[in-house]
Structure formats: structure tokens, C-alpha cells
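**Student:** Next comes entry_36.tsv, TSV, C-alpha atoms:
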chain	number	residue	atom	x	y	z
K	1	MET	CA	-22.17	-7.66	35.05
K	2	GLN	CA	-25.34	-6.62	33.25
K	3	ASP	CA	-23.89	-7.94	29.99
K	4	ARG	CA	-23.09	-11.25	31.60
K	5	ILE	CA	-26.59	-11.54	32.98
K	6	ALA	CA	-28.05	-10.79	29.57
K	7	ALA	CA	-25.73	-13.31	27.88
K	8	LEU	CA	-26.60	-16.07	30.36
K	9	ARG	CA	-30.25	-15.40	29.93
K	10	ARG	CA	-30.00	-15.64	26.16
K	11	ALA	CA	-27.99	-18.84	26.35
K	12	VAL	CA	-30.55	-20.49	28.60
K	13	ILE	CA	-33.76	-19.65	26.91
K	14	SER	CA	-33.60	-18.10	23.49
K	15	GLU	CA	-36.14	-20.16	21.60
K	16	VAL	CA	-39.13	-19.28	23.76
K	17	GLU	CA	-38.24	-15.59	23.76
K	18	ASP	CA	-40.84	-14.51	21.22
K	19	ARG	CA	-43.71	-16.33	22.90
K	20	ASN	CA	-42.80	-14.99	26.32
K	21	ARG	CA	-42.60	-11.48	24.89
K	22	LEU	CA	-46.11	-11.80	23.51
K	23	ILE	CA	-47.52	-13.04	26.83
K	24	PHE	CA	-45.75	-10.11	28.51
K	25	HIS	CA	-47.46	-7.68	26.13
K	26	ILE	CA	-50.90	-9.30	26.53
K	27	LEU	CA	-50.82	-9.20	30.35
K	28	ARG	CA	-49.15	-5.82	30.65
K	29	GLY	CA	-51.32	-4.34	27.90
K	30	GLY	CA	-54.50	-5.57	29.58
K	31	VAL	CA	-53.63	-3.87	32.86
K	32	VAL	CA	-52.50	-0.65	31.19
K	33	VAL	CA	-55.69	-0.38	29.07
K	34	SER	CA	-57.80	-1.12	32.15
K	35	VAL	CA	-56.09	1.61	34.19
K	36	ALA	CA	-56.47	4.09	31.30
K	37	VAL	CA	-60.22	3.39	30.99
K	38	LEU	CA	-60.66	3.69	34.78
K	39	LEU	CA	-58.86	7.04	34.84
K	40	PHE	CA	-61.19	8.20	32.03
K	41	GLY	CA	-64.09	7.07	34.22
K	42	PHE	CA	-62.81	9.19	37.10
K	43	ILE	CA	-62.45	12.18	34.76
K	44	LEU	CA	-66.12	11.72	33.81
K	45	VAL	CA	-67.04	11.76	37.53
K	46	VAL	CA	-65.35	15.14	37.89
K	47	LEU	CA	-66.72	16.54	34.60
K	48	ALA	CA	-70.27	15.54	35.51
K	49	GLY	CA	-69.86	17.24	38.86
K	50	GLN	CA	-70.90	14.09	40.71
K	51	SER	CA	-70.31	14.25	44.44
K	52	THR	CA	-70.01	10.48	44.81
K	53	ILE	CA	-68.36	7.75	42.78
K	54	PRO	CA	-70.81	5.14	41.40
K	55	ASP	CA	-70.99	2.08	43.69
K	56	ARG	CA	-73.00	-0.26	41.45
K	57	SER	CA	-71.43	-1.97	38.45
K	58	ILE	CA	-73.29	-1.92	35.15
K	59	PRO	CA	-74.51	-5.39	34.03
K	60	PRO	CA	-72.76	-6.46	30.79
K	61	ARG	CA	-76.01	-6.24	28.78
K	62	ALA	CA	-76.63	-2.61	29.70
K	63	LEU	CA	-73.01	-1.57	29.27
K	64	GLU	CA	-73.10	-0.51	25.64
K	65	GLU	CA	-75.80	2.08	26.21
K	66	GLU	CA	-73.95	3.55	29.23
K	67	LEU	CA	-70.76	3.84	27.18
K	68	PHE	CA	-72.52	5.80	24.43
K	69	ARG	CA	-73.97	8.13	27.06
K	70	PHE	CA	-70.47	8.59	28.54
K	71	THR	CA	-71.55	7.84	32.10
K	72	SER	CA	-68.80	7.41	34.70
K	73	ALA	CA	-70.39	4.17	35.96
K	74	GLY	CA	-70.20	2.78	32.41
K	75	TYR	CA	-66.50	3.50	31.94
K	76	LEU	CA	-65.50	2.40	35.44
K	77	SER	CA	-67.33	-0.89	34.81
K	78	LEU	CA	-65.66	-1.25	31.41
K	79	GLY	CA	-62.23	-0.79	33.02
K	80	VAL	CA	-62.99	-3.55	35.53
K	81	LEU	CA	-64.25	-5.87	32.77
K	82	VAL	CA	-61.14	-5.28	30.62
K	83	LEU	CA	-59.06	-6.43	33.57
K	84	ILE	CA	-61.24	-9.50	34.23
K	85	PHE	CA	-60.88	-10.59	30.59
K	86	THR	CA	-57.09	-10.12	30.45
K	87	PRO	CA	-56.28	-13.61	31.86
K	88	VAL	CA	-58.92	-15.11	29.53
K	89	LEU	CA	-57.15	-13.59	26.54
K	90	ARG	CA	-53.85	-14.96	27.83
K	91	VAL	CA	-55.27	-18.50	28.05
K	92	ALA	CA	-56.64	-18.20	24.51
K	93	PHE	CA	-53.19	-17.18	23.35
K	94	SER	CA	-51.60	-20.13	25.21
K	95	LEU	CA	-54.00	-22.44	23.37
K	96	LEU	CA	-52.84	-21.06	20.03
K	97	SER	CA	-49.18	-21.36	20.94
K	98	PHE	CA	-49.51	-25.00	22.08
K	99	LEU	CA	-51.41	-25.72	18.85
K	100	GLU	CA	-48.54	-24.24	16.91
K	101	GLU	CA	-46.11	-26.48	18.80
K	102	ARG	CA	-48.36	-29.48	18.05
K	103	ASP	CA	-48.19	-30.43	21.73
K	104	ARG	CA	-51.44	-32.43	21.94
K	105	LEU	CA	-51.40	-33.02	25.68
K	106	TYR	CA	-51.07	-29.31	26.43
K	107	VAL	CA	-53.56	-28.33	23.76
K	108	LEU	CA	-56.04	-30.58	25.56
K	109	MET	CA	-55.25	-29.15	29.01
K	110	THR	CA	-55.40	-25.56	27.81
K	111	ALA	CA	-58.68	-26.30	26.07
K	112	ILE	CA	-60.10	-27.61	29.36
K	113	VAL	CA	-58.94	-24.49	31.23
K	114	PHE	CA	-60.40	-22.27	28.52
K	115	THR	CA	-63.71	-24.18	28.60
K	116	ASN	CA	-63.87	-23.81	32.39
K	117	LEU	CA	-63.25	-20.09	32.10
K	118	VAL	CA	-65.85	-19.60	29.40
K	119	THR	CA	-68.31	-21.72	31.39
K	120	SER	CA	-67.93	-19.54	34.46
K	121	LEU	CA	-68.03	-16.34	32.40
K	122	PHE	CA	-71.09	-17.05	30.30
K	123	VAL	CA	-73.03	-19.98	31.72
K	124	LEU	CA	-72.81	-19.66	35.49
K	125	ALA	CA	-72.89	-15.88	35.37
N	1	MET	CA	-65.03	7.68	57.53
N	2	SER	CA	-65.91	9.74	54.46
N	3	PRO	CA	-66.19	7.94	51.11
N	4	PHE	CA	-63.16	9.90	49.90
N	5	GLU	CA	-61.04	8.72	52.85
N	6	VAL	CA	-62.14	5.14	52.20
N	7	LEU	CA	-60.98	5.37	48.58
N	8	VAL	CA	-57.60	6.90	49.47
N	9	LEU	CA	-56.92	4.34	52.21
N	10	LEU	CA	-57.97	1.55	49.87
N	11	ALA	CA	-55.59	2.74	47.13
N	12	ILE	CA	-52.71	2.76	49.64
N	13	ALA	CA	-53.63	-0.72	50.91
N	14	ALA	CA	-53.89	-1.94	47.30
N	15	PHE	CA	-50.43	-0.55	46.56
N	16	LEU	CA	-49.01	-2.56	49.48
N	17	ALA	CA	-51.01	-5.64	48.44
N	18	GLY	CA	-49.64	-5.34	44.90
N	19	PHE	CA	-46.10	-4.98	46.19
N	20	GLY	CA	-46.36	-7.86	48.68
N	21	GLY	CA	-48.42	-10.01	46.34
N	22	SER	CA	-45.97	-9.82	43.46
N	23	TYR	CA	-43.04	-10.41	45.83
N	24	LEU	CA	-44.64	-13.48	47.40
N	25	GLY	CA	-46.56	-15.00	44.49
N	26	ILE	CA	-49.95	-14.40	46.03
N	27	GLY	CA	-52.80	-12.20	44.85
N	28	GLY	CA	-52.80	-9.89	47.84
N	29	GLY	CA	-56.37	-10.81	48.75
N	30	VAL	CA	-55.18	-12.07	52.14
N	31	PHE	CA	-54.22	-8.46	52.94
N	32	LEU	CA	-57.05	-6.71	51.17
N	33	ILE	CA	-60.03	-8.65	52.51
N	34	PRO	CA	-59.24	-8.19	56.23
N	35	PHE	CA	-58.28	-4.55	55.58
N	36	MET	CA	-61.55	-3.79	53.80
N	37	THR	CA	-63.77	-5.60	56.29
N	38	ILE	CA	-62.00	-4.59	59.51
N	39	VAL	CA	-60.64	-1.09	58.78
N	40	LEU	CA	-62.94	0.22	56.07
N	41	GLY	CA	-66.09	-1.56	57.23
N	42	VAL	CA	-66.93	-2.96	53.78
N	43	GLY	CA	-69.26	-6.01	53.76
N	44	ILE	CA	-67.42	-9.30	53.30
N	45	LYS	CA	-69.01	-10.21	49.96
N	46	ILE	CA	-68.26	-6.81	48.39
N	47	ALA	CA	-64.76	-7.11	49.87
N	48	ILE	CA	-64.32	-10.54	48.28
N	49	ALA	CA	-65.49	-9.27	44.89
N	50	THR	CA	-63.18	-6.24	45.08
N	51	SER	CA	-60.30	-8.42	46.21
N	52	LEU	CA	-60.78	-10.80	43.27
N	53	ILE	CA	-60.34	-7.81	40.95
N	54	GLY	CA	-57.16	-6.90	42.87
N	55	VAL	CA	-55.90	-10.46	42.49
N	56	ILE	CA	-56.28	-10.28	38.70
N	57	ALA	CA	-54.43	-6.94	38.66
N	58	THR	CA	-51.57	-8.31	40.79
N	59	SER	CA	-51.35	-11.45	38.71
N	60	SER	CA	-51.39	-9.74	35.34
N	61	GLY	CA	-48.99	-6.98	36.35
N	62	ALA	CA	-46.49	-9.26	38.07
N	63	ALA	CA	-46.77	-12.29	35.79
N	64	ALA	CA	-46.00	-10.14	32.76
N	65	VAL	CA	-42.59	-9.29	34.21
N	66	TYR	CA	-41.84	-12.82	35.44
N	67	VAL	CA	-42.73	-14.39	32.09
N	68	ARG	CA	-40.45	-11.92	30.33
N	69	ASP	CA	-37.66	-12.79	32.81
N	70	HIS	CA	-38.22	-16.54	32.32
N	71	LEU	CA	-38.97	-17.28	35.96
N	72	THR	CA	-42.41	-18.69	35.14
N	73	ASN	CA	-42.86	-22.38	34.32
N	74	LEU	CA	-45.57	-22.10	31.66
N	75	ARG	CA	-46.26	-25.84	31.36
N	76	LEU	CA	-46.52	-26.38	35.09
N	77	ALA	CA	-48.86	-23.39	35.28
N	78	MET	CA	-51.16	-24.78	32.59
N	79	PHE	CA	-51.18	-28.27	34.18
N	80	LEU	CA	-52.19	-26.88	37.58
N	81	GLU	CA	-54.68	-24.40	36.10
N	82	VAL	CA	-56.80	-27.36	35.02
N	83	ALA	CA	-57.24	-28.13	38.73
N	84	THR	CA	-57.64	-24.55	39.96
N	85	THR	CA	-60.31	-23.56	37.44
N	86	PHE	CA	-62.48	-26.56	38.36
N	87	GLY	CA	-61.98	-25.72	42.04
N	88	ALA	CA	-62.72	-22.03	41.55
N	89	ILE	CA	-66.04	-22.66	39.84
N	90	ALA	CA	-67.12	-24.98	42.65
N	91	GLY	CA	-65.96	-22.47	45.27
N	92	ALA	CA	-67.74	-19.47	43.78
N	93	LEU	CA	-71.00	-21.41	43.48
N	94	VAL	CA	-70.85	-22.62	47.09
N	95	GLY	CA	-69.47	-19.34	48.48
N	96	LEU	CA	-72.46	-17.26	47.49
N	97	ARG	CA	-74.69	-19.54	49.55
N	98	LEU	CA	-72.57	-19.77	52.69
N	99	PRO	CA	-73.03	-17.63	55.83
N	100	ASP	CA	-70.38	-14.92	56.37
N	101	PHE	CA	-69.23	-16.35	59.68
N	102	PHE	CA	-68.30	-19.65	58.08
N	103	LEU	CA	-66.19	-17.83	55.46
N	104	PHE	CA	-64.18	-16.18	58.23
N	105	ILE	CA	-63.47	-19.49	59.97
N	106	VAL	CA	-62.34	-21.21	56.77
N	107	PHE	CA	-60.14	-18.24	55.94
N	108	GLY	CA	-58.45	-18.29	59.37
N	109	VAL	CA	-57.76	-22.02	59.34
N	110	VAL	CA	-56.23	-21.87	55.88
N	111	LEU	CA	-53.96	-18.97	56.85
N	112	PHE	CA	-52.55	-20.83	59.85
N	113	TYR	CA	-51.97	-23.99	57.93
N	114	ALA	CA	-49.97	-22.17	55.24
N	115	ALA	CA	-47.94	-20.09	57.74
N	116	ILE	CA	-46.77	-23.13	59.67
N	117	THR	CA	-45.91	-25.01	56.50
N	118	MET	CA	-43.87	-22.17	55.01
N	119	ALA	CA	-41.91	-21.57	58.22
N	120	ARG	CA	-40.63	-25.14	58.04
N	121	ILE	CA	-39.14	-24.91	54.54
N	122	ARG	CA	-35.47	-24.48	53.79
N	123	GLU	CA	-33.93	-23.76	50.42
N	124	THR	CA	-30.26	-23.93	49.54
N	125	ALA	CA	-28.68	-23.73	46.11
N	126	LYS	CA	-27.98	-27.45	46.31
N	127	GLN	CA	-31.61	-28.28	46.97
N	128	ARG	CA	-32.63	-25.97	44.18
N	129	ALA	CA	-30.47	-27.73	41.62
N	130	TYR	CA	-31.50	-30.76	39.61
N	131	GLN	CA	-31.18	-33.94	41.65
N	132	ALA	CA	-30.04	-37.25	40.22
N	133	GLY	CA	-32.40	-40.22	40.11
N	134	ASP	CA	-35.56	-41.12	38.27
N	135	GLU	CA	-38.12	-38.48	37.53
N	136	SER	CA	-41.74	-39.53	38.00
N	137	SER	CA	-43.11	-40.86	34.73
N	138	LEU	CA	-46.04	-38.43	34.77
N	139	SER	CA	-43.72	-35.43	35.19
N	140	LYS	CA	-41.63	-36.71	32.32
N	141	ARG	CA	-44.65	-37.25	30.11
N	142	LEU	CA	-45.94	-33.78	30.93
N	143	ASN	CA	-42.47	-32.34	30.35
N	144	LEU	CA	-42.81	-30.26	33.53
N	145	GLY	CA	-39.14	-29.73	34.33
N	146	SER	CA	-37.69	-26.35	33.47
N	147	VAL	CA	-34.74	-23.98	33.72
N	148	TYR	CA	-34.49	-20.56	35.26
N	149	PHE	CA	-31.85	-17.92	35.84
N	150	ASP	CA	-31.49	-16.69	39.42
N	151	GLN	CA	-30.10	-13.16	39.86
N	152	GLU	CA	-29.39	-13.89	43.54
N	153	ASP	CA	-26.28	-15.94	42.80
N	154	GLN	CA	-26.06	-15.51	39.02
N	155	GLY	CA	-26.83	-19.21	38.71
N	156	VAL	CA	-28.74	-21.11	36.05
N	157	TYR	CA	-30.83	-23.84	37.67
N	158	ARG	CA	-32.37	-26.80	35.97
N	159	TYR	CA	-35.07	-28.31	38.12
N	160	ARG	CA	-37.60	-31.06	37.78
N	161	VAL	CA	-41.10	-31.22	39.18
N	162	GLU	CA	-41.97	-33.97	41.62
N	163	ARG	CA	-45.29	-35.36	42.87
N	164	PRO	CA	-47.44	-33.93	40.06
N	165	VAL	CA	-50.57	-35.67	41.37
N	166	ALA	CA	-50.29	-34.25	44.89
N	167	GLY	CA	-49.61	-30.80	43.46
N	168	PHE	CA	-52.66	-31.14	41.22
N	169	GLY	CA	-54.82	-31.98	44.25
N	170	ALA	CA	-53.48	-29.06	46.28
N	171	SER	CA	-54.17	-26.73	43.35
N	172	ALA	CA	-57.77	-27.91	43.17
N	173	ALA	CA	-58.10	-26.99	46.86
N	174	ALA	CA	-56.43	-23.63	46.18
N	175	GLY	CA	-58.96	-22.97	43.41
N	176	LEU	CA	-61.83	-23.86	45.73
N	177	PHE	CA	-60.64	-21.40	48.39
N	178	SER	CA	-60.09	-18.79	45.73
N	179	GLY	CA	-63.70	-18.90	44.61
N	180	LEU	CA	-64.89	-19.23	48.20
N	181	LEU	CA	-62.86	-16.42	49.72
N	182	GLY	CA	-61.87	-14.08	46.91
N	183	VAL	CA	-58.17	-14.68	47.30
N	184	GLY	CA	-55.81	-15.87	44.59
N	185	GLY	CA	-55.03	-19.07	46.42
N	186	GLY	CA	-51.32	-18.28	46.06
N	187	PHE	CA	-50.76	-19.02	49.74
N	188	ILE	CA	-51.62	-22.65	48.96
N	189	LYS	CA	-50.07	-22.80	45.48
N	190	VAL	CA	-46.64	-21.47	46.46
N	191	PRO	CA	-46.15	-23.97	49.33
N	192	ALA	CA	-47.64	-26.73	47.18
N	193	MET	CA	-45.16	-26.11	44.37
N	194	ASN	CA	-42.23	-25.39	46.67
N	195	ILE	CA	-42.73	-28.14	49.28
N	196	LEU	CA	-44.66	-30.86	47.49
N	197	MET	CA	-43.36	-30.47	43.97
N	198	ARG	CA	-39.83	-29.23	44.81
N	199	VAL	CA	-39.99	-26.23	42.52
N	200	PRO	CA	-37.42	-23.55	43.53
N	201	MET	CA	-39.01	-20.73	45.56
N	202	LYS	CA	-38.66	-17.98	42.96
N	203	ALA	CA	-39.97	-20.13	40.14
N	204	ALA	CA	-42.86	-21.14	42.42
N	205	VAL	CA	-43.64	-17.48	43.20
N	206	ALA	CA	-43.55	-16.52	39.52
N	207	THR	CA	-45.63	-19.50	38.42
N	208	SER	CA	-48.19	-18.92	41.18
N	209	ASN	CA	-48.51	-15.28	40.18
N	210	PHE	CA	-49.09	-16.38	36.60
N	211	MET	CA	-51.85	-18.80	37.61
N	212	ILE	CA	-53.84	-16.80	40.14
N	213	GLY	CA	-55.21	-14.37	37.56
N	214	VAL	CA	-56.92	-17.18	35.66
N	215	THR	CA	-58.38	-18.66	38.86
N	216	ALA	CA	-59.62	-15.28	40.01
N	217	ALA	CA	-61.07	-14.35	36.61
N	218	ALA	CA	-63.29	-17.44	36.70
N	219	SER	CA	-64.73	-16.31	40.05
N	220	ALA	CA	-64.61	-12.55	39.49
N	221	PHE	CA	-67.07	-12.52	36.63
N	222	ILE	CA	-69.58	-14.53	38.67
N	223	TYR	CA	-69.39	-11.92	41.44
N	224	TYR	CA	-69.55	-9.13	38.84
N	225	SER	CA	-72.74	-10.48	37.31
N	226	GLN	CA	-74.27	-10.77	40.80
N	227	GLY	CA	-73.79	-7.00	41.09
N	228	LEU	CA	-71.28	-7.36	43.93
N	229	VAL	CA	-68.48	-5.36	42.26
N	230	ASP	CA	-68.34	-1.74	43.43
N	231	PRO	CA	-66.65	-0.02	40.45
N	232	GLY	CA	-65.26	2.85	42.56
N	233	LEU	CA	-63.59	0.52	45.04
N	234	ALA	CA	-62.43	-1.81	42.26
N	235	ALA	CA	-60.89	1.08	40.31
N	236	MET	CA	-58.86	2.28	43.30
N	237	VAL	CA	-57.68	-1.28	43.93
N	238	ILE	CA	-56.61	-1.79	40.30
N	239	ILE	CA	-54.69	1.50	40.17
N	240	GLY	CA	-53.05	0.91	43.57
N	241	VAL	CA	-52.11	-2.69	42.81
N	242	PHE	CA	-50.67	-1.81	39.41
N	243	SER	CA	-48.26	0.69	41.00
N	244	GLY	CA	-47.36	-1.84	43.70
N	245	THR	CA	-46.51	-4.67	41.30
N	246	ASN	CA	-44.11	-2.43	39.39
N	247	LEU	CA	-41.95	-2.20	42.54
N	248	GLY	CA	-42.63	-5.69	43.91
N	249	THR	CA	-41.50	-7.57	40.80
N	250	ARG	CA	-38.24	-5.62	40.70
N	251	ALA	CA	-37.55	-6.50	44.33
N	252	MET	CA	-38.39	-10.20	43.90
N	253	VAL	CA	-36.22	-10.80	40.86
N	254	LYS	CA	-33.17	-9.56	42.78
N	255	ALA	CA	-34.08	-10.94	46.21
N	256	LYS	CA	-32.62	-13.90	48.06
N	257	ALA	CA	-34.95	-16.89	47.86
N	258	SER	CA	-34.65	-17.44	51.63
N	259	ASN	CA	-35.80	-13.86	52.29
N	260	VAL	CA	-38.82	-14.35	50.06
N	261	ARG	CA	-39.70	-17.49	51.99
N	262	VAL	CA	-39.29	-15.92	55.43
N	263	ALA	CA	-41.39	-12.91	54.40
N	264	PHE	CA	-44.04	-15.30	53.12
N	265	ALA	CA	-44.27	-17.22	56.41
N	266	ALA	CA	-44.22	-14.06	58.56
N	267	CYS	CA	-47.06	-12.46	56.61
N	268	LEU	CA	-49.26	-15.49	56.89
N	269	ALA	CA	-48.61	-15.90	60.60
N	270	ALA	CA	-49.52	-12.26	61.26
N	271	LEU	CA	-52.72	-12.63	59.28
N	272	GLY	CA	-53.59	-15.84	61.06
N	273	VAL	CA	-53.24	-14.10	64.44
N	274	ALA	CA	-55.45	-11.27	63.20
N	275	MET	CA	-58.13	-13.75	62.14
N	276	VAL	CA	-58.05	-15.59	65.47
N	277	LEU	CA	-58.39	-12.31	67.36
N	278	ARG	CA	-61.45	-11.57	65.30
N	279	LEU	CA	-62.99	-14.93	66.00
N	280	ALA	CA	-62.14	-14.66	69.71
N	281	PHE	CA	-63.99	-11.34	69.93
N	282	PRO	CA	-67.20	-11.96	68.00
N	283	GLY	CA	-68.64	-8.65	69.25
N	284	VAL	CA	-66.68	-6.86	66.52
N	285	PRO	CA	-69.05	-6.24	63.58
N	286	LEU	CA	-68.05	-8.28	60.55
Kindly present the structure from the file in C-alpha cells form.
**Tutor:**
Amino acid sequence: MQDRIAALRRAVISEVEDRNRLIFHILRGGVVVSVAVLLFGFILVVLAGQSTIPDRSIPPRALEEELFRFTSAGYLSLGVLVLIFTPVLRVAFSLLSFLEERDRLYVLMTAIVFTNLVTSLFVLA
Amino acid sequence: MSPFEVLVLLAIAAFLAGFGGSYLGIGGGVFLIPFMTIVLGVGIKIAIATSLIGVIATSSGAAAVYVRDHLTNLRLAMFLEVATTFGAIAGALVGLRLPDFFLFIVFGVVLFYAAITMARIRETAKQRAYQAGDESSLSKRLNLGSVYFDQEDQGVYRYRVERPVAGFGASAAAGLFSGLLGVGGGFIKVPAMNILMRVPMKAAVATSNFMIGVTAAASAFIYYSQGLVDPGLAAMVIIGVFSGTNLGTRAMVKAKASNVRVAFAACLAALGVAMVLRLAFPGVPL
């Protein structure tokens, strides 16, 4: 049965396999990296002997300094930010893949989505 | 409740939200926000910010699997994302200026609307399959139709997408609520795709899951830069949700479409009742 399922799947959609694989790795990778950084942040909480977990996020501008000082707040914030930027990276990748297909309509739509995202990330915020 | 207990309870709730969210195509914010405000006593704006992070985690974790399994309609997702991202930006800007009480009312009304709509849907294999007749010219031009493989009955289904304009409008509304309320908006997107656009339930769930991360990311960073993200709470939510989506996606791929739909309607109805109870007893601290 498993073979049949696999064969059907291949028959239906073989050409887009590579692109879907890449999107899978981008999304999955983003979450896995985020979780890893967060766990590191929790380890820093324990190592520093803090009795409470930081409850204020570090503003993006101050983040670099916190990371060099290995503060738990810095790494917990970084983990959250990695996750927030995962869908942004995915949209950027979609833009490239529609460009490669020369699908003008979808290049335009993806560009609009990407512009909206960047606007909310850097202008409004 | 001690801070430690709060974190443990939140991680468990996030696990369930991740499981349910990936199974139903929603971000899980509809579970997480009431849980955080009612049970854990977190302020609604912090709860919204934390929930948005959870929505991104659910979306990324679940969508990865659904894209790999070819359940997601990538073109349809991109078309509707144009609407949701515009809506989300508007929602996040307005939401930060609105009183908390108003947010609760909007949230409750939306829940009820979606629950009633979902309960009325039916889906049979025949309905799922491609229907004869003319496709709308916009759908054709946008090349929205797609194919997916359903493990429920080992069938390959070719479907087309109807009423693209209505679906686009509903997605804009979903984006608005997402920014306003910190939910993925999946509880509008799934019915919109399934009822309005005639996308099969499982493809609608997968496509919604794919989209909600982008919508939430647009709002999440605005909340982050306002200092409303509590990194401890957010971290527990991300870790809990990630574990939940690993199980939820496996269940959804194998599930019967009708079961997914019934579960969807039941969840929303329960949440709607919870919201009404809250509004009926305003003495409860928000």
C-alpha cells in the first residue's frame, strides 16, 4: 500500500517536487533553529542562576550587544525573531521561484506580498 | 499561580494549540488567547502578541509538512496573501489603539459566525472532484486550479477554484482580524476557501496553514517592536506548538475530510460559547 501511495504521488506531481522540498526545508529549518536558540536561552537562564525568566524582549537595535554578552533575554529574543522572519524568508524564496518560472502575474503578486511584509517589518515598526 | 506554573501550563496549552491548529488549518490563536487571558491572567495585548508568535510556529511547522505532501495550493495561497497582508497591516495599526473590551466583542462575533458556517458544510468525494462547466475567467487566468492526493480514499482529486473575488475579499477580512486579534485568521480562511471557493477541505486546511504564518509575521513584528512580546512566554509557546504540529499534521493527512470539518465547527462553537459567557459576566477581570 505504501508503495502505491508513493507511486501515485509521484505520478501526480513530480515536476514541482524540488521546489516543494526547498519550501519544506525553509519552513522546517526556521522552526528548528528558533527552538534551538530558545533552548540555549533557557540554558543561559539556568547558568546565570536567574530566578525568573526575562519578560521584556530586547529591541532589535540593542540585540547585538546582548548577544555578545550572552544574556538569556538576548538569546530568547533572537529565537523569537528567527521564527518571525521564517515566513518572510519563505515569501522571498517564492518570489525567486516564480521569477524562474517567468510567471509575471505571480511575480507581481509575490512582490506585493513581500513589499507589504517589509513595510510592516521596517516602516511601521 | 507561580511564574513556573504559568510557563508549564502555557507549554501544554501551546502543544494542544499546535496539534489542533495544524489539524484544522488555523493558527491556534483562538485557543491560546482565551486560555492566556482567562486561565493564566495575562493581559490581552501581551496575549495577542504571544499568540501571534504561536501562529507563526504552527504555520511554519505544519505548512512544511503539507507542502512536502502536496496538499498546499501554492498559487492560491500567494493570490490570497496579497489580500491578507494588506488587511493585517491595517488591523495591527488599528488594534493597538482600540479598547480591550471592543477586541473581545469582535472576537466573539467572529467565532460564532465561523462556527455556524462550518456546521452547514458537507463534503463528499463527488463534490470534491472537478466539476464540468466553465471555470471563471479570472481563476483560469490566475491558474488557481490544482491537484492533490487524498490518503483518506487513496484518490487523486483535480479541483478548480471558484469565486476568486469573493475569496479575496474574505481573505482581506481575515487579515484584518489577524492583526486586530492576534489570531491567524484561519477560521475565516478555511471556510472562505472551502465554502466560497469550493476548495476541498484538506487542501483548504493545508493552504490556510501555509498562509497564516505570513499574515501573522506582518503583525507580530509590529507587536514585537512595541515591546509587547514576553520572550519567556513566547519561547514556551514556540516549543509547545512545535511538538504539537508534529502530531497534528500526521493526523490530518490521514484523517477523513468530514471529521476535520466537524472538529472545526465544534471547536469554534465551544469557543463562541466561552466568549459569550465572558461578555455576559463582565465582572470577570479581563
**Student:** Residues of chain K within 8 Å of chain N, counting only C-alpha atoms, what are they? List them as a PyMOL selection string.
**Tutor:** chain K and resi 5+8-9+12-13+17+20-21+23-28+30-31+35+38+52-60+73+76-77+79-80+83-88+91+105-106+109-110+112-113+116-117+120-121+124-125
**Student:** Which residues, written as an MDAnalysis selection string, have at least one atom at most 7 Å from Thr37 in chain N, with all atoms listed in the file counted and residues fewer than 5 positions away on the same chain left out?
**Tutor:** chainID N and resid 42:44 47 286
**Student:** Keeping C-alpha atoms for every residue in the selection just given, could you write it to a file as a CSV table (one decimal), in the coordinates of the input?
**Tutor:**
chain,number,residue,atom,x,y,z
N,42,VAL,CA,-66.9,-3.0,53.8
N,43,GLY,CA,-69.3,-6.0,53.8
N,44,ILE,CA,-67.4,-9.3,53.3
N,47,ALA,CA,-64.8,-7.1,49.9
N,286,LEU,CA,-68.0,-8.3,60.6
**Student:** Rounded to one decimal place, report the CA of Ala11 in chain N-CA of Val237 in chain N distance in Å.
**Tutor:**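 Those two atoms sit 5.5 Å apart.
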**Student:** Can you tell me which residues surround Ser72 in chain K at a distance of at most 6 Å, considering all atoms listed in the file, apart from same-chain residues fewer than 2 positions away, and format the answer as a PyMOL selection string?
**Tutor:** chain K and resi 41+44-45+74-75
**Student:** Excluding same-chain residues fewer than 6 positions from Leu111 in chain N, what lies within 8 Å of it counting all atoms listed in the file, as a list in words?
**Tutor:**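 My reading of the contact set: Phe187, Leu268, Ala269, Leu271 and Gly272 of chain N.
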**Student:** N:Val165, N:Met201, N:Val8, N:Ala270: which is nearest Gly108 in chain N, counting all atoms listed in the file?
**Tutor:**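 Checking each of N:Val165, N:Met201, N:Val8, N:Ala270 against Gly108 in chain N, counting all atoms listed in the file, the winner is N:Ala270.
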**Student:** Nearest to Arg69 in chain K: which of K:Val32, K:Ala48, K:Arg19, K:Arg90 is it, counting all atoms listed in the file?
**Tutor:**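 For Arg69 in chain K, the nearest of the given residues is K:Ala48.
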**Student:** Quote the spacing between CA of Leu76 in chain N and CA of Leu144 in chain N in Å to one decimal place.
**Tutor:**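 Value for the CA of Leu76 in chain N-CA of Leu144 in chain N distance: 5.6 Å.
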**Student:** Around all listed atoms of range 155-165 of chain N, padded 3 Å per side, what centre and edge lengths does the axis-aligned box have in Å to one decimal, as lines of an AutoDock Vina configuration file?
**Tutor:**
center_x = -38.7
center_y = -27.4
center_z = 39.4
size_x = 29.7
size_y = 22.5
size_z = 12.9
**Student:** To one decimal place in Å, what is the distance between CA of Leu16 in chain N and CA of Leu176 in chain N?
**Tutor:**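 Interatomic distance here is 25.1 Å.
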**Student:** Taking all atoms listed in the file into account, which of K:Val107, K:Ser97, K:Leu39, K:Thr115 comes nearest Leu78 in chain K?
**Tutor:**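 Ranking K:Val107, K:Ser97, K:Leu39, K:Thr115 by distance to Leu78 in chain K, first place goes to K:Leu39.
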**Student:** Mind completing range 144-154 of chain N with N, CA and C atoms? Output as a CSV table (one decimal), keeping the file's coordinate frame, please?
**Tutor:**
chain,number,residue,atom,x,y,z
N,144,LEU,N,-42.6,-31.4,32.6
N,144,LEU,CA,-42.8,-30.3,33.5
N,144,LEU,C,-41.5,-29.6,34.0
N,145,GLY,N,-40.4,-30.3,33.9
N,145,GLY,CA,-39.1,-29.7,34.3
N,145,GLY,C,-38.8,-28.5,33.5
N,146,SER,N,-38.0,-27.6,34.2
N,146,SER,CA,-37.7,-26.4,33.5
N,146,SER,C,-36.3,-25.8,33.9
N,147,VAL,N,-36.0,-24.6,33.4
N,147,VAL,CA,-34.7,-24.0,33.7
N,147,VAL,C,-35.0,-22.5,34.1
N,148,TYR,N,-34.3,-22.0,35.0
N,148,TYR,CA,-34.5,-20.6,35.3
N,148,TYR,C,-33.2,-20.0,35.7
N,149,PHE,N,-33.1,-18.6,35.5
N,149,PHE,CA,-31.8,-17.9,35.8
N,149,PHE,C,-32.1,-17.1,37.1
N,150,ASP,N,-31.3,-17.4,38.1
N,150,ASP,CA,-31.5,-16.7,39.4
N,150,ASP,C,-30.5,-15.6,39.6
N,151,GLN,N,-31.0,-14.3,39.7
N,151,GLN,CA,-30.1,-13.2,39.9
N,151,GLN,C,-29.4,-13.1,41.2
N,152,GLU,N,-30.0,-13.9,42.2
N,152,GLU,CA,-29.4,-13.9,43.5
N,152,GLU,C,-27.9,-14.3,43.5
N,153,ASP,N,-27.7,-15.4,42.8
N,153,ASP,CA,-26.3,-15.9,42.8
N,153,ASP,C,-25.8,-16.1,41.4
N,154,GLN,N,-26.4,-15.4,40.4
N,154,GLN,CA,-26.1,-15.5,39.0
N,154,GLN,C,-26.0,-17.0,38.5
